[in-house]
Amino acid sequence: MKAAHLFLFLHVFSTAGVLVNAFDPITTTVVLGVGATLGRTIWNYLHESCDPKWVAFNGTALNADLDSKLFGQHIASRIILKAVSGFMSNDNPKKPLVLSLHGWTGTGKNFVSQLIADSIYKEGMDSSFVHVFTSELHFPHSSQLDTYKTQLQQWIKGNVTNCAHSMFIFDEMDKMHPGLIDSIKPYLDYYDKLDGVSYRKAIFIFLSNAGAESIIQTALDFWKTGQQREEIELKDLETALSLAVFNNKKSGLWHTSLIDKNLVDFFVPFLPLEYKHVVQCAMAEMKARGVEPDQNVADQVARDLVYFPKAERVFAVKGCKTIESKLDYYT
Ligand SMILES: *[C@@H]1O[C@H](CO)[C@@H](O)[C@H](O)[C@H]1NC(C)=O
Ligand SMILES: *[C@@H]1O[C@H](CO)[C@@H](O)[C@H](O)[C@H]1NC(C)=O
């Protein structure tokens, strides 16, 4: 509950208190009763709960956000909209939605997760039904693997019991211990119920850099042969991506049966960002800050970034990641 809400809540109570002093005992009881009921109504109104007032998918909003806030990701954008819309409009999904987002740093994987959360939860990423796990933060010591496993399973179970439409985001999936990933596998599967809990309405999102090199290579090949980036199709990346993902000894996820058992519903590739996309990010960020977007400033910010490969200088090394701090410097 936000501070402003709490304030309003307390204010209503103290107003009721002031009224109480002015009346005789019987009126006092009535006023207190009314105050308590009112308080409860306001509490329900202000406090997030797992009902359609707080949790309701808005496909129009997601579509608009993907169109106007995510740049250079025509493939990811299309898959995400289709996957999330399809899943959220199904009252009886057979399994939870499992998305695996792949791509270079700063290409929008975290950002897209945020847009998805915004389109489902009124509180967006601040919702108590959205859970973000980062391996280095939440599961740093491989010696405590067993503890982590138990803890993670309890968290998932507890949270899905509270709200079927819970969302779990696993950042830096490539750094997660394979054993830990294995321990969440049952929740991603086609079970009707596990221990009396159904996980079918939950959403799992995995973020990783696995496969980024092959995505970059494909994008670079298109660029070199003068083909439009927008002509890149999912099938151009799928083979390369699955090969990289399957054969990458370093990335734990892909050695577990997540893939063998088809538990991941969608692999979503994020293309490396070019100069023009960085400019778009900078313009959007200025707009979000409530200042008039300035093309010159955006160009200045984009020019200041480092691009790769060294010879061609096509893709921004950090994508749109440092735009915010760069803008602080130029404006
Ligand atoms: C869904 O989002 C659109 C665009 O942001 C908005 O205009 C509309 O009111 C929203 N619908 C609901 C039911 O909240
Ligand atoms: C829900 O998950 C969070 C971690 O995001 C955890 O701290 C909390 O204990 C979980 N809730 C339940 C009821 O298990």
# chains A, B, ... in the order shown; residues from 1 in each chain; ligands from 1
>>> residues_near_ligand(ligand="ligand 2", cutoff="10 Å", atoms="only C-alpha atoms and all ligand atoms", output="number ranges by chain")
A: 128-133, 138, 151-163, 166-169
>>> select_by_dssp(residues="stretch 134-270 of chain A", states="strand (DSSP E or B)", output="list in words")
Thr134, Met167, Phe168, Ile169, Phe170, Asp171, Leu194, Val197, Ile203, Phe204, Ile205, Phe206, Leu207, Ser208, Phe266, Phe267, Val268, Pro269 and Phe270 of chain A
>>> closest_atom_pairs(of="stretch 89-181 of chain A", to="stretch 271-295 of chain A", cutoff="7 Å", atoms="only C-alpha atoms", output="JSON lines")
{"residue": "A:Gly103", "atom": "CA", "partner": "A:Leu271", "partner_atom": "CA", "distance": 6.5}
{"residue": "A:Trp104", "atom": "CA", "partner": "A:Pro272", "partner_atom": "CA", "distance": 6.2}
{"residue": "A:Thr107", "atom": "CA", "partner": "A:Pro272", "partner_atom": "CA", "distance": 6.1}
>>> write_last_selection(atoms="N, CA and C atoms", output="CSV table (one decimal), in the first residue's frame")
chain,number,residue,atom,x,y,z
A,103,GLY,N,18.7,-12.7,-25.6
A,103,GLY,CA,19.3,-11.6,-26.3
A,103,GLY,C,20.4,-10.9,-25.6
A,104,TRP,N,21.1,-10.0,-26.3
A,104,TRP,CA,22.2,-9.2,-25.8
A,104,TRP,C,21.7,-8.2,-24.8
A,107,THR,N,18.7,-5.0,-24.7
A,107,THR,CA,17.9,-5.1,-25.9
A,107,THR,C,16.4,-5.1,-25.5
>>> residues_around(residues="A:Phe111", least_positions_apart="2", cutoff="12 Å", atoms="only C-alpha atoms", output="list in words")
Asp65, Leu66, Lys69, Leu70, Phe71, Gln73, Ala76, Ser77, Leu101, Thr105, Gly106, Thr107, Gly108, Lys109, Ser113, Gln114, Leu115, Ile116, Ala117, Asp118, Gly124, Met125, Ile169, Asp171, Leu207, Phe270, Cys281, Cys320 and Lys321 of chain A
>>> atom_distance(atom1="atom CA of A:Asp299", atom2="atom CA of A:Val268")
29.1 Å
>>> residues_near_ligand(ligand="ligand 1", cutoff="12 Å", atoms="only C-alpha atoms and all ligand atoms", output="PyMOL selection string")
chain A and resi 52-68+115+118-122
>>> select_by_dssp(residues="stretch 75-204 of chain A", states="alpha helix (DSSP H)", output="PyMOL selection string")
chain A and resi 75-88+109-120+135-138+145-162+178-188
>>> closest_residue(among="A:His165, A:Lys193, A:Arg303, A:Lys149", to="A:Phe315", atoms="only C-alpha atoms")
A:Arg303
>>> residues_around(residues="A:Asp304", least_positions_apart="6", cutoff="12 Å", atoms="only C-alpha atoms", output="NGL selection string")
:A and (275 or 278-279 or 297-298 or 316-318 or 322-323 or 326-327 or 329-330)
>>> closest_residue(among="A:Lys201, A:Leu46, A:Asp189, A:Asp195", to="A:Asp91", atoms="only C-alpha atoms")
A:Lys201
>>> atom_distance(atom1="atom CA of A:Arg313", atom2="atom CA of A:Ala219")
12.9 Å
>>> residues_around(residues="A:Phe267", least_positions_apart="3", cutoff="10 Å", atoms="only C-alpha atoms", output="mmCIF file with C-alpha atoms, in the first residue's frame")
data_model
loop_
_atom_site.group_PDB
_atom_site.id
_atom_site.type_symbol
_atom_site.label_atom_id
_atom_site.label_comp_id
_atom_site.auth_asym_id
_atom_site.auth_seq_id
_atom_site.Cartn_x
_atom_site.Cartn_y
_atom_site.Cartn_z
ATOM 1 C CA ALA A 76 9.812 -10.387 -29.934
ATOM 2 C CA ILE A 79 5.458 -13.295 -30.150
ATOM 3 C CA ILE A 80 4.917 -11.648 -26.774
ATOM 4 C CA VAL A 98 6.565 -20.222 -19.904
ATOM 5 C CA LEU A 99 8.516 -17.658 -21.906
ATOM 6 C CA SER A 100 12.252 -17.711 -22.430
ATOM 7 C CA LEU A 101 13.653 -14.353 -23.538
ATOM 8 C CA HIS A 102 17.079 -14.364 -25.208
ATOM 9 C CA PHE A 206 13.233 -16.634 -18.016
ATOM 10 C CA LEU A 234 11.703 -16.188 -36.331
ATOM 11 C CA GLU A 238 15.263 -20.542 -34.438
ATOM 12 C CA LEU A 241 19.179 -20.213 -31.330
ATOM 13 C CA SER A 242 18.283 -23.759 -30.423
ATOM 14 C CA VAL A 264 9.114 -23.661 -22.580
ATOM 15 C CA PHE A 270 15.854 -10.004 -28.993
#
>>> residues_around(residues="A:Tyr187", least_positions_apart="3", cutoff="9 Å", atoms="only C-alpha atoms", output="ChimeraX atom specification")
/A:95-96,153,156-157,183-184,190-191,194,198-200
>>> closest_residue(among="A:Thr134, A:Val314, A:Gly319, A:Tyr45", to="A:Val301", atoms="only C-alpha atoms")
A:Gly319
>>> residues_around(residues="A:Thr218", least_positions_apart="4", cutoff="8 Å", atoms="only C-alpha atoms", output="list in words")
Ser214, Phe222, Asp236 and Leu237 of chain A
>>> atom_distance(atom1="atom CA of A:Ile259", atom2="atom CA of A:Ser127")
29.6 Å
